[in-house]
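So this block is work_6.csv, CSV, C-alpha atoms:
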```
chain,number,residue,atom,x,y,z
A,8,MET,CA,17.0,56.0,36.7
A,9,LYS,CA,20.4,57.7,37.1
A,10,PRO,CA,21.6,59.9,34.4
A,11,VAL,CA,25.3,59.4,33.6
A,12,LEU,CA,27.5,62.1,31.9
A,13,SER,CA,29.9,60.6,29.4
A,14,LEU,CA,33.1,62.4,29.8
A,15,ASP,CA,34.2,62.4,26.1
A,16,MET,CA,34.7,66.2,25.9
A,17,GLU,CA,38.1,67.8,26.0
A,18,ASN,CA,39.2,68.8,29.6
A,19,PRO,CA,36.4,67.0,31.4
A,20,LEU,CA,37.3,68.3,34.8
A,21,GLU,CA,37.3,71.9,33.5
A,22,PHE,CA,33.9,71.2,32.0
A,23,ILE,CA,32.6,69.8,35.3
A,24,ASP,CA,33.9,72.7,37.3
A,25,LYS,CA,32.3,75.1,34.9
A,26,TYR,CA,28.9,73.5,34.1
A,27,GLY,CA,28.4,70.9,36.9
A,28,SER,CA,27.7,67.2,36.3
A,29,PHE,CA,25.2,64.5,37.0
A,30,GLN,CA,26.3,62.6,40.1
A,31,HIS,CA,27.4,59.7,37.8
A,32,VAL,CA,30.1,60.0,35.1
A,33,LYS,CA,31.4,57.5,32.7
A,34,ILE,CA,35.1,57.6,31.7
A,35,GLY,CA,36.9,56.0,28.8
A,36,HIS,CA,40.4,56.1,27.4
A,37,SER,CA,40.4,59.8,26.9
A,38,VAL,CA,40.3,60.2,30.7
A,39,ALA,CA,42.3,57.0,31.5
A,40,ILE,CA,45.4,58.5,29.9
A,41,TYR,CA,45.6,60.8,33.0
A,42,GLY,CA,46.1,57.7,35.0
A,43,LYS,CA,44.4,56.3,38.1
A,44,SER,CA,45.2,59.4,40.1
A,45,VAL,CA,42.5,61.3,38.1
A,46,LEU,CA,40.0,59.3,40.1
A,47,GLU,CA,40.9,61.3,43.1
A,48,GLU,CA,39.6,64.4,41.3
A,49,PHE,CA,36.2,62.7,40.8
A,50,GLN,CA,36.2,61.5,44.5
A,51,LYS,CA,36.9,65.1,45.6
A,52,ARG,CA,33.9,66.3,43.6
A,53,ASN,CA,31.6,63.5,45.1
A,54,LEU,CA,31.1,61.9,41.7
A,55,LYS,CA,30.5,58.3,41.1
A,56,VAL,CA,32.5,56.8,38.2
A,57,ILE,CA,31.7,54.1,35.7
A,58,VAL,CA,35.0,52.9,34.3
A,59,ASP,CA,34.1,52.1,30.7
A,60,LEU,CA,37.3,50.6,29.4
A,61,LYS,CA,35.5,47.5,28.1
A,62,PHE,CA,37.9,45.0,29.4
A,63,VAL,CA,38.2,41.9,27.2
A,64,ASP,CA,41.0,39.5,28.1
A,65,ILE,CA,41.8,36.2,29.7
A,66,PRO,CA,40.4,35.7,33.2
A,67,SER,CA,43.5,36.6,35.2
A,68,THR,CA,44.1,39.7,33.1
A,69,VAL,CA,40.5,41.0,33.4
A,70,ALA,CA,40.7,40.5,37.2
A,71,ARG,CA,44.0,42.3,37.4
A,72,SER,CA,42.8,45.2,35.2
A,73,ILE,CA,39.8,45.7,37.4
A,74,LYS,CA,41.9,45.6,40.6
A,75,ALA,CA,44.3,48.0,39.0
A,76,TRP,CA,41.6,50.6,38.3
A,77,ASP,CA,39.4,50.0,41.4
A,78,HIS,CA,38.9,53.0,43.6
A,79,GLU,CA,36.4,54.2,46.2
A,80,CYS,CA,34.6,56.4,43.7
A,81,VAL,CA,34.1,53.7,41.2
A,82,GLU,CA,30.5,52.4,40.9
A,83,GLY,CA,31.2,49.9,38.1
A,84,PHE,CA,33.3,48.6,35.3
A,85,THR,CA,32.4,47.6,31.7
A,86,VAL,CA,33.6,44.2,30.4
A,87,HIS,CA,33.0,43.0,26.8
A,88,SER,CA,31.3,39.6,26.6
A,89,ALA,CA,33.8,38.5,23.9
A,90,CYS,CA,36.1,37.7,26.8
A,91,GLY,CA,33.9,34.7,27.7
A,92,ILE,CA,32.0,33.5,30.8
A,93,ASP,CA,35.2,32.6,32.7
A,94,SER,CA,36.6,36.1,32.4
A,95,ILE,CA,33.2,37.6,33.4
A,96,ARG,CA,33.2,35.4,36.5
A,97,ALA,CA,36.8,36.5,37.2
A,98,ALA,CA,35.6,40.1,36.9
A,99,LEU,CA,32.8,39.6,39.4
A,100,GLU,CA,35.1,37.9,41.8
A,101,SER,CA,37.7,40.6,41.6
A,102,THR,CA,35.6,43.4,43.0
A,103,ASP,CA,32.3,44.2,44.8
A,104,LYS,CA,31.5,47.0,42.3
A,105,LEU,CA,29.0,46.4,39.4
A,106,ILE,CA,30.2,44.6,36.3
A,107,PHE,CA,28.4,45.8,33.3
A,108,VAL,CA,28.7,43.3,30.5
A,109,VAL,CA,28.6,44.7,26.9
A,110,LEU,CA,26.8,42.3,24.7
A,111,LYS,CA,26.9,44.2,21.4
A,112,LEU,CA,28.2,47.6,20.5
A,113,THR,CA,25.6,50.1,19.4
A,114,SER,CA,27.5,50.5,16.1
A,115,LEU,CA,26.9,46.9,15.1
A,116,THR,CA,23.8,45.3,13.7
A,117,GLY,CA,22.7,42.1,15.4
A,118,ASP,CA,19.6,40.3,16.4
A,119,LEU,CA,18.7,40.0,20.1
A,120,ALA,CA,17.7,36.4,19.5
A,121,GLU,CA,21.3,35.5,18.9
A,122,TYR,CA,22.2,36.7,22.4
A,123,LEU,CA,19.5,35.2,24.5
A,124,ASP,CA,21.4,32.1,25.5
A,125,LEU,CA,24.4,34.2,26.5
A,126,ILE,CA,22.2,36.6,28.5
A,127,LYS,CA,20.7,33.6,30.3
A,128,SER,CA,24.1,32.3,31.4
A,129,LEU,CA,25.3,35.7,32.4
A,130,ARG,CA,22.4,36.9,34.4
A,131,ILE,CA,22.7,34.0,36.9
A,132,LEU,CA,26.3,35.1,37.5
A,133,GLY,CA,24.9,38.3,38.9
A,134,CYS,CA,26.3,40.7,36.4
A,135,SER,CA,24.8,43.9,35.1
A,136,PHE,CA,24.4,44.8,31.4
A,137,VAL,CA,25.2,47.5,28.9
A,138,LEU,CA,22.2,47.2,26.5
A,139,PRO,CA,21.1,49.1,23.4
A,140,GLY,CA,17.9,50.9,24.5
A,141,LYS,CA,15.5,48.8,22.5
A,142,TRP,CA,17.0,45.6,24.0
A,143,ALA,CA,16.7,47.0,27.5
A,144,VAL,CA,13.0,47.5,27.0
A,145,GLN,CA,12.6,43.9,25.8
A,146,LEU,CA,14.8,42.3,28.4
A,147,ARG,CA,14.0,44.4,31.6
A,148,LYS,CA,11.9,41.7,33.2
A,149,GLN,CA,14.4,39.0,32.6
A,150,ILE,CA,17.4,40.8,34.1
A,151,PRO,CA,17.8,41.0,37.8
A,152,GLY,CA,21.0,43.1,37.5
A,153,LYS,CA,21.4,46.7,36.6
A,154,ILE,CA,21.0,47.9,33.1
A,155,LEU,CA,23.0,50.7,31.6
A,156,VAL,CA,21.9,52.2,28.3
A,157,PRO,CA,24.5,54.2,26.2
A,158,GLY,CA,23.8,56.7,23.5
A,159,VAL,CA,20.6,58.1,25.1
A,160,ARG,CA,19.2,61.2,23.4
A,161,ILE,CA,17.0,64.0,24.6
A,162,LYS,CA,16.5,65.2,21.1
A,163,ARG,CA,16.3,63.0,18.0
A,164,GLY,CA,19.5,62.6,15.9
A,165,ALA,CA,21.8,60.1,14.2
A,166,ASP,CA,25.5,59.2,14.3
A,167,ASP,CA,27.6,56.0,14.5
A,168,GLN,CA,25.5,54.5,17.3
A,169,LYS,CA,22.8,52.7,15.4
A,170,ASP,CA,20.7,52.0,18.4
A,171,VAL,CA,20.1,55.4,20.0
A,172,VAL,CA,17.0,55.8,22.0
A,173,HIS,CA,15.2,58.7,23.5
A,174,LEU,CA,15.3,59.2,27.3
A,175,SER,CA,11.5,58.8,27.6
A,176,GLU,CA,11.6,55.3,26.0
A,177,ILE,CA,13.8,53.9,28.8
A,178,MET,CA,12.4,55.9,31.7
A,179,ASN,CA,11.3,52.9,33.8
A,180,VAL,CA,13.6,50.4,32.2
A,181,ALA,CA,17.2,51.5,32.5
A,182,ASP,CA,19.0,51.9,35.8
A,183,TYR,CA,21.7,54.2,34.2
A,184,ALA,CA,21.2,56.3,31.1
A,185,VAL,CA,24.3,57.6,29.5
A,186,LEU,CA,24.2,61.1,27.9
A,187,GLY,CA,27.1,62.8,26.2
A,188,ARG,CA,27.4,64.9,23.1
A,189,GLU,CA,24.0,66.5,23.5
A,190,ILE,CA,25.0,67.8,26.9
A,191,TYR,CA,28.6,68.9,26.2
A,192,LYS,CA,27.9,70.2,22.7
A,193,SER,CA,24.9,72.2,23.9
A,194,PRO,CA,25.3,76.0,23.9
A,195,ASP,CA,24.2,75.8,27.6
A,196,PRO,CA,25.3,72.5,29.1
A,197,ALA,CA,24.2,73.3,32.6
A,198,LYS,CA,20.7,74.0,31.3
A,199,ALA,CA,20.7,70.8,29.2
A,200,MET,CA,21.6,68.8,32.4
A,201,ASP,CA,18.8,70.6,34.3
A,202,GLU,CA,16.4,69.6,31.5
A,203,VAL,CA,17.4,65.9,31.9
A,204,ARG,CA,16.9,66.1,35.7
A,205,ARG,CA,13.5,67.7,35.2
A,206,MET,CA,12.5,64.9,32.7
A,207,LEU,CA,13.6,62.3,35.3
A,208,ASN,CA,11.7,63.8,38.2
A,209,ALA,CA,8.5,64.5,36.2
B,12,MET,CA,61.3,37.6,15.3
B,13,LYS,CA,61.2,40.2,18.0
B,14,PRO,CA,60.8,39.1,21.6
B,15,VAL,CA,58.4,41.2,23.6
B,16,LEU,CA,58.5,41.5,27.4
B,17,SER,CA,55.0,41.5,28.9
B,18,LEU,CA,55.0,44.0,31.7
B,19,ASP,CA,52.6,42.3,34.1
B,20,MET,CA,55.0,42.3,37.0
B,21,GLU,CA,54.8,44.7,40.0
B,22,ASN,CA,56.8,47.8,39.4
B,23,PRO,CA,57.8,47.2,35.7
B,24,LEU,CA,60.2,50.2,35.5
B,25,GLU,CA,62.0,49.0,38.6
B,26,PHE,CA,62.2,45.5,37.0
B,27,ILE,CA,63.6,46.9,33.8
B,28,ASP,CA,66.2,49.1,35.5
B,29,LYS,CA,67.3,46.1,37.5
B,30,TYR,CA,67.2,43.3,35.0
B,31,GLY,CA,67.1,45.0,31.6
B,32,SER,CA,64.4,44.3,28.9
B,33,PHE,CA,63.9,43.2,25.4
B,34,GLN,CA,63.7,46.2,23.1
B,35,HIS,CA,59.9,45.7,22.8
B,36,VAL,CA,57.5,45.7,25.8
B,37,LYS,CA,53.8,45.1,26.0
B,38,ILE,CA,51.7,47.1,28.5
B,39,GLY,CA,48.2,46.5,29.7
B,40,HIS,CA,46.0,48.1,32.3
B,41,SER,CA,48.4,47.5,35.2
B,42,VAL,CA,50.8,50.0,33.5
B,43,ALA,CA,48.0,52.2,32.0
B,44,ILE,CA,46.9,53.2,35.5
B,45,TYR,CA,50.1,55.3,35.6
B,46,GLY,CA,48.7,57.4,32.7
B,47,LYS,CA,50.1,58.3,29.4
B,48,SER,CA,53.1,60.1,31.0
B,49,VAL,CA,54.5,56.6,31.8
B,50,LEU,CA,55.3,56.3,28.1
B,51,GLU,CA,58.0,58.9,28.5
B,52,GLU,CA,59.8,56.5,30.8
B,53,PHE,CA,59.8,53.9,28.1
B,54,GLN,CA,60.9,56.4,25.5
B,55,LYS,CA,63.8,57.5,27.7
B,56,ARG,CA,64.9,53.8,27.9
B,57,ASN,CA,64.7,53.5,24.1
B,58,LEU,CA,62.0,50.9,24.4
B,59,LYS,CA,59.2,50.3,21.9
B,60,VAL,CA,55.8,49.8,23.3
B,61,ILE,CA,52.9,47.6,22.3
B,62,VAL,CA,49.8,49.1,23.9
B,63,ASP,CA,47.7,46.0,24.7
B,64,LEU,CA,44.5,47.5,25.9
B,65,LYS,CA,42.3,45.6,23.5
B,66,PHE,CA,40.2,48.5,22.4
B,67,VAL,CA,36.7,47.3,21.6
B,68,ASP,CA,34.2,50.1,20.9
B,69,ILE,CA,32.2,52.0,18.3
B,70,PRO,CA,34.4,53.4,15.5
B,71,SER,CA,34.7,57.0,16.8
B,72,THR,CA,35.6,55.8,20.3
B,73,VAL,CA,38.2,53.3,19.1
B,74,ALA,CA,39.9,56.1,17.0
B,75,ARG,CA,39.7,58.5,19.9
B,76,SER,CA,41.2,55.9,22.3
B,77,ILE,CA,44.1,55.2,20.0
B,78,LYS,CA,44.8,58.9,19.4
B,79,ALA,CA,44.7,59.4,23.2
B,80,TRP,CA,47.3,56.8,23.9
B,81,ASP,CA,49.5,57.4,20.8
B,82,HIS,CA,53.1,58.4,21.5
B,83,GLU,CA,56.4,58.3,19.7
B,84,CYS,CA,57.5,55.1,21.5
B,85,VAL,CA,54.4,53.2,20.6
B,86,GLU,CA,54.9,50.5,17.9
B,87,GLY,CA,51.3,49.2,17.9
B,88,PHE,CA,48.0,48.9,19.5
B,89,THR,CA,45.7,45.9,20.1
B,90,VAL,CA,42.1,46.0,19.1
B,91,HIS,CA,39.5,43.2,19.7
B,92,SER,CA,37.7,42.0,16.6
B,93,ALA,CA,34.4,42.0,18.4
B,94,CYS,CA,34.3,45.8,17.7
B,95,GLY,CA,33.6,45.0,14.0
B,96,ILE,CA,35.2,45.9,10.7
B,97,ASP,CA,34.2,49.6,10.8
B,98,SER,CA,35.9,50.1,14.1
B,99,ILE,CA,39.0,48.3,12.9
B,100,ARG,CA,39.1,50.5,9.8
B,101,ALA,CA,38.7,53.5,12.1
B,102,ALA,CA,41.6,52.2,14.2
B,103,LEU,CA,43.9,51.9,11.1
B,104,GLU,CA,42.9,55.4,9.9
B,105,SER,CA,43.6,56.9,13.3
B,106,THR,CA,47.3,56.2,13.4
B,107,ASP,CA,50.3,55.0,11.3
B,108,LYS,CA,51.3,52.5,14.1
B,109,LEU,CA,50.5,48.8,13.8
B,110,ILE,CA,47.0,47.7,14.6
B,111,PHE,CA,47.0,44.1,16.0
B,112,VAL,CA,43.6,42.6,15.8
B,113,VAL,CA,42.8,40.0,18.5
B,114,LEU,CA,40.6,37.3,17.0
B,115,LYS,CA,40.2,35.0,19.9
B,116,LEU,CA,41.6,35.1,23.4
B,117,THR,CA,43.9,32.3,24.3
B,118,SER,CA,41.7,31.4,27.2
B,119,LEU,CA,38.8,30.5,24.9
B,120,THR,CA,38.3,27.4,22.8
B,121,GLY,CA,37.4,28.0,19.2
B,122,ASP,CA,38.0,26.5,15.8
B,123,LEU,CA,40.1,28.4,13.3
B,124,ALA,CA,37.7,27.6,10.6
B,125,GLU,CA,35.1,29.8,12.2
B,126,TYR,CA,37.4,32.8,11.8
B,127,LEU,CA,38.6,32.4,8.3
B,128,ASP,CA,36.1,34.7,6.7
B,129,LEU,CA,36.8,37.4,9.2
B,130,ILE,CA,40.6,37.0,8.7
B,131,LYS,CA,40.0,37.4,4.9
B,132,SER,CA,38.2,40.6,5.3
B,133,LEU,CA,40.7,42.0,7.9
B,134,ARG,CA,43.9,41.2,6.1
B,135,ILE,CA,42.9,43.3,3.0
B,136,LEU,CA,42.5,46.3,5.4
B,137,GLY,CA,46.2,46.0,6.2
B,138,CYS,CA,46.0,45.1,9.9
B,139,SER,CA,48.3,42.9,11.9
B,140,PHE,CA,47.1,40.1,14.1
B,141,VAL,CA,47.3,38.7,17.6
B,142,LEU,CA,47.1,35.0,17.0
B,143,PRO,CA,47.4,31.9,19.2
B,144,GLY,CA,50.7,30.2,18.2
B,145,LYS,CA,49.2,27.3,16.5
B,146,TRP,CA,47.0,29.5,14.4
B,147,ALA,CA,50.0,31.7,13.5
B,148,VAL,CA,51.7,28.6,12.1
B,149,GLN,CA,48.7,27.7,10.0
B,150,LEU,CA,48.0,31.2,8.8
B,151,ARG,CA,51.4,32.7,8.2
B,152,LYS,CA,51.4,32.5,4.4
B,153,GLN,CA,48.0,34.1,4.2
B,154,ILE,CA,48.7,37.1,6.3
B,155,PRO,CA,50.7,39.9,4.8
B,156,GLY,CA,50.6,41.9,8.1
B,157,LYS,CA,52.6,41.3,11.2
B,158,ILE,CA,51.7,38.5,13.6
B,159,LEU,CA,52.1,38.8,17.4
B,160,VAL,CA,51.9,35.6,19.4
B,161,PRO,CA,51.0,35.9,23.1
B,162,GLY,CA,51.8,33.4,25.8
B,163,VAL,CA,55.0,32.1,24.3
B,164,ARG,CA,56.9,29.7,26.6
B,165,ILE,CA,60.6,28.8,26.8
B,166,LYS,CA,59.8,25.9,29.0
B,167,ARG,CA,56.6,23.8,29.0
B,168,GLY,CA,53.8,24.6,31.4
B,169,ALA,CA,50.1,25.3,31.7
B,170,ASP,CA,47.9,28.1,33.0
B,171,ASP,CA,44.7,29.9,31.9
B,172,GLN,CA,46.1,30.5,28.4
B,173,LYS,CA,45.0,27.3,26.6
B,174,ASP,CA,47.0,27.9,23.4
B,175,VAL,CA,50.5,28.4,24.7
B,176,VAL,CA,53.3,27.5,22.3
B,177,HIS,CA,57.0,27.0,22.7
B,178,LEU,CA,59.3,29.7,21.2
B,179,SER,CA,60.8,27.1,18.8
B,180,GLU,CA,57.4,26.4,17.2
B,181,ILE,CA,56.9,30.0,16.0
B,182,MET,CA,60.5,30.9,15.2
B,183,ASN,CA,60.0,31.6,11.5
B,184,VAL,CA,56.3,32.4,11.9
B,185,ALA,CA,55.6,35.2,14.3
B,186,ASP,CA,57.0,38.8,14.0
B,187,TYR,CA,56.5,39.4,17.7
B,188,ALA,CA,56.7,36.7,20.5
B,189,VAL,CA,55.4,37.8,23.9
B,190,LEU,CA,57.0,36.4,27.0
B,191,GLY,CA,56.1,37.2,30.5
B,192,ARG,CA,55.8,35.2,33.6
B,193,GLU,CA,58.7,32.8,32.7
B,194,ILE,CA,61.0,35.8,32.5
B,195,TYR,CA,59.9,37.9,35.5
B,196,LYS,CA,59.2,34.9,37.8
B,197,SER,CA,62.6,33.4,36.9
B,198,PRO,CA,65.2,33.4,39.7
B,199,ASP,CA,67.5,35.2,37.2
B,200,PRO,CA,65.4,37.3,34.8
B,201,ALA,CA,68.4,38.8,33.1
B,202,LYS,CA,69.8,35.4,32.3
B,203,ALA,CA,66.3,34.2,31.1
B,204,MET,CA,66.2,37.1,28.7
B,205,ASP,CA,69.7,36.3,27.5
B,206,GLU,CA,68.6,32.7,26.9
B,207,VAL,CA,65.7,33.9,24.7
B,208,ARG,CA,68.1,36.2,22.7
B,209,ARG,CA,70.4,33.3,22.2
B,210,MET,CA,67.6,31.0,21.0
B,211,LEU,CA,66.5,33.7,18.5
B,212,ASN,CA,70.0,34.2,17.1
B,213,ALA,CA,70.8,30.5,16.9
```
So, in terms of structure tokens, how does the structure I just supplied come out?
Amino acid sequence: MKPVLSLDMENPLEFIDKYGSFQHVKIGHSVAIYGKSVLEEFQKRNLKVIVDLKFVDIPSTVARSIKAWDHECVEGFTVHSACGIDSIRAALESTDKLIFVVLKLTSLTGDLAEYLDLIKSLRILGCSFVLPGKWAVQLRKQIPGKILVPGVRIKRGADDQKDVVHLSEIMNVADYAVLGREIYKSPDPAKAMDEVRRMLNA
Amino acid sequence: MKPVLSLDMENPLEFIDKYGSFQHVKIGHSVAIYGKSVLEEFQKRNLKVIVDLKFVDIPSTVARSIKAWDHECVEGFTVHSACGIDSIRAALESTDKLIFVVLKLTSLTGDLAEYLDLIKSLRILGCSFVLPGKWAVQLRKQIPGKILVPGVRIKRGADDQKDVVHLSEIMNVADYAVLGREIYKSPDPAKAMDEVRRMLNA
């Protein structure tokens, strides 16, 4: 399992240069506002980027958006399932990078059963998934693609992500585990990242 | 009704400097890759921008994304309803600009009846809407907020937007009518825009 550092802090590059980073980082709009050229900075630092802009649009626009943001350092893109199967197919055809489909945001309630048909149609397309940790555990065997779990915690806590899980719960389940606040709000972020690395190698 | 030029062409600034523009433009990811600083260019040209990145995320992230992209020249942002009511509330609280909620992409089929409850809960929040033209016509009287209609045509045609409408059909219905390909693929884009202005003033 690869730990992914969510770059939601102020001045992410400054943070990385000061405290280091996991090899994988996840960027959203707070990084996107620097434009595509910021990807060069990640490339220079040998980091792999998951572009988490949750594209949700008509097929031609989703494909164009992915092509627009594509770059050597990008490992994958997130796309929201509300765009429909045709748009997800267009996403997969537009790049050889991973397409992580978001089924349900962690802030929303929702029963896994409601999503099973959608998951069935999506997994045969060859996409990867963004899944709440508990769903990842239940679905692992049925999903040939990669699974990214957001909102992973190393300590227990609560915020607006209802489905947070502890790292240990998804150890042999997720391919990517996204960690954020607990790292960058830690008094010693470098040590917090070391702790994660230790937990993963244990 | 305000015509909005969808900036999906290559080199949008070059296009604008050559052929002019409506006062309102809509930008997506193909412009976002230039970073937030590109908004200065629109500001300089006295253009008003609709940031059409269809934010769809947990409440704190939607609010952060909007604040990240906010700028004097921005007239509004699009948010996809799949993010849920709490995220839309967070969007409205994060800015004094318009929040246009996308209910259903024009590439998807879907019955208006399925969306009526959602529309009811959203309109009391004070948001604006992105609506397929035919829905805009049916819903106009029930929606106090602004309505933006994408995929508006001046000639008849078909592509991956299933719900395209003709400008004349939404004349007293939409607040914003988005036009794109027909303008920038026209042999004479300046003339095509003039035609639209004439139709609107007739």
What are the closest atom pairs, with distances in Å to one decimal, for each residue of chain A lying within 6 Å of chain B, using only C-alpha atoms, rows by chain and rising residue number, as a tab-separated table?
```
residue	atom	partner	partner_atom	distance
A:His36	CA	B:Ser76	CA	5.2
A:Ser37	CA	B:Ala79	CA	5.7
A:Ile40	CA	B:Gly46	CA	4.5
A:Tyr41	CA	B:Gly46	CA	4.6
A:Gly42	CA	B:Gly46	CA	3.5
A:Lys43	CA	B:Ile44	CA	4.8
A:Ile65	CA	B:Ser118	CA	5.4
A:Ser72	CA	B:His40	CA	5.2
A:Ala75	CA	B:Ser41	CA	5.6
A:Ser114	CA	B:Ile69	CA	5.4
```
Export C-alpha atoms of the chosen residues as a PDB file, keeping the file's coordinate frame?
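Output saved as out-v3.pdb:
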```pdb
ATOM      1  CA  HIS A  36      40.400  56.100  27.400  1.00  0.00           C
ATOM      2  CA  SER A  37      40.400  59.800  26.900  1.00  0.00           C
ATOM      3  CA  ILE A  40      45.400  58.500  29.900  1.00  0.00           C
ATOM      4  CA  TYR A  41      45.600  60.800  33.000  1.00  0.00           C
ATOM      5  CA  GLY A  42      46.100  57.700  35.000  1.00  0.00           C
ATOM      6  CA  LYS A  43      44.400  56.300  38.100  1.00  0.00           C
ATOM      7  CA  ILE A  65      41.800  36.200  29.700  1.00  0.00           C
ATOM      8  CA  SER A  72      42.800  45.200  35.200  1.00  0.00           C
ATOM      9  CA  ALA A  75      44.300  48.000  39.000  1.00  0.00           C
ATOM     10  CA  SER A 114      27.500  50.500  16.100  1.00  0.00           C
TER      11      SER A 114
END
```
Please, which residues are within 10 Å of (40.7, 67.1, 35.5) by the file's coordinates, counting only C-alpha atoms, and could they come as a VMD selection string? chain A and resid 17 to 24 38 41 45 to 49
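Atom CA of B:Leu16 lies 11.3 Å from atom CA of B:Ala203.
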Would you mind listing, for every residue of stretch 39-102 of chain B within 12 Å of stretch 149-162 of chain B, the two atoms forming the shortest contact and the distance between them in Å to one decimal, using all atoms listed in the file, sorted by chain and ascending residue number, as a tab-separated table?
```
residue	atom	partner	partner_atom	distance
B:Ile61	CA	B:Leu159	CA	10.1
B:Asp63	CA	B:Pro161	CA	10.7
B:Glu86	CA	B:Lys157	CA	11.6
B:Gly87	CA	B:Lys157	CA	10.4
B:Phe88	CA	B:Leu159	CA	11.1
B:Thr89	CA	B:Leu159	CA	9.9
```
Just the selected residues (C-alpha atoms), exported as a compact mmCIF listing (two decimals), in the frame of the given file, please.
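Okay, again.txt is ready:
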```txt
# COMPACT_ATOMS: atom_id res chain seq x y z
CA ILE B 61 52.90 47.60 22.30
CA ASP B 63 47.70 46.00 24.70
CA GLU B 86 54.90 50.50 17.90
CA GLY B 87 51.30 49.20 17.90
CA PHE B 88 48.00 48.90 19.50
CA THR B 89 45.70 45.90 20.10
```
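Minimum atom-to-atom distance to A:Val58, evaluated using all atoms listed in the file, belongs to A:Asp77 out of A:Asp195, A:Glu202, A:Asp77, A:Asp182.
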Using Å and a single decimal, report how far atom CA of A:Glu189 sits from atom CA of A:Lys25.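 Separation of atom CA of A:Lys25 and atom CA of A:Glu189: 16.5 Å.
The two atoms in question, atom CA of B:Arg134 and atom CA of B:His35, are spaced 23.6 Å apart.
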Taking (54.1, 35.9, 36.8) in the file's coordinates as the center, which residues reach within 10 Å of it, counting all atoms listed in the file, put as a list of chain:residue names?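 Residues with an atom at most 10 Å from (54.1, 35.9, 36.8): B:Ser17, B:Leu18, B:Asp19, B:Met20, B:Glu21, B:Gly191, B:Arg192, B:Glu193, B:Ile194, B:Tyr195, B:Lys196, B:Ser197.
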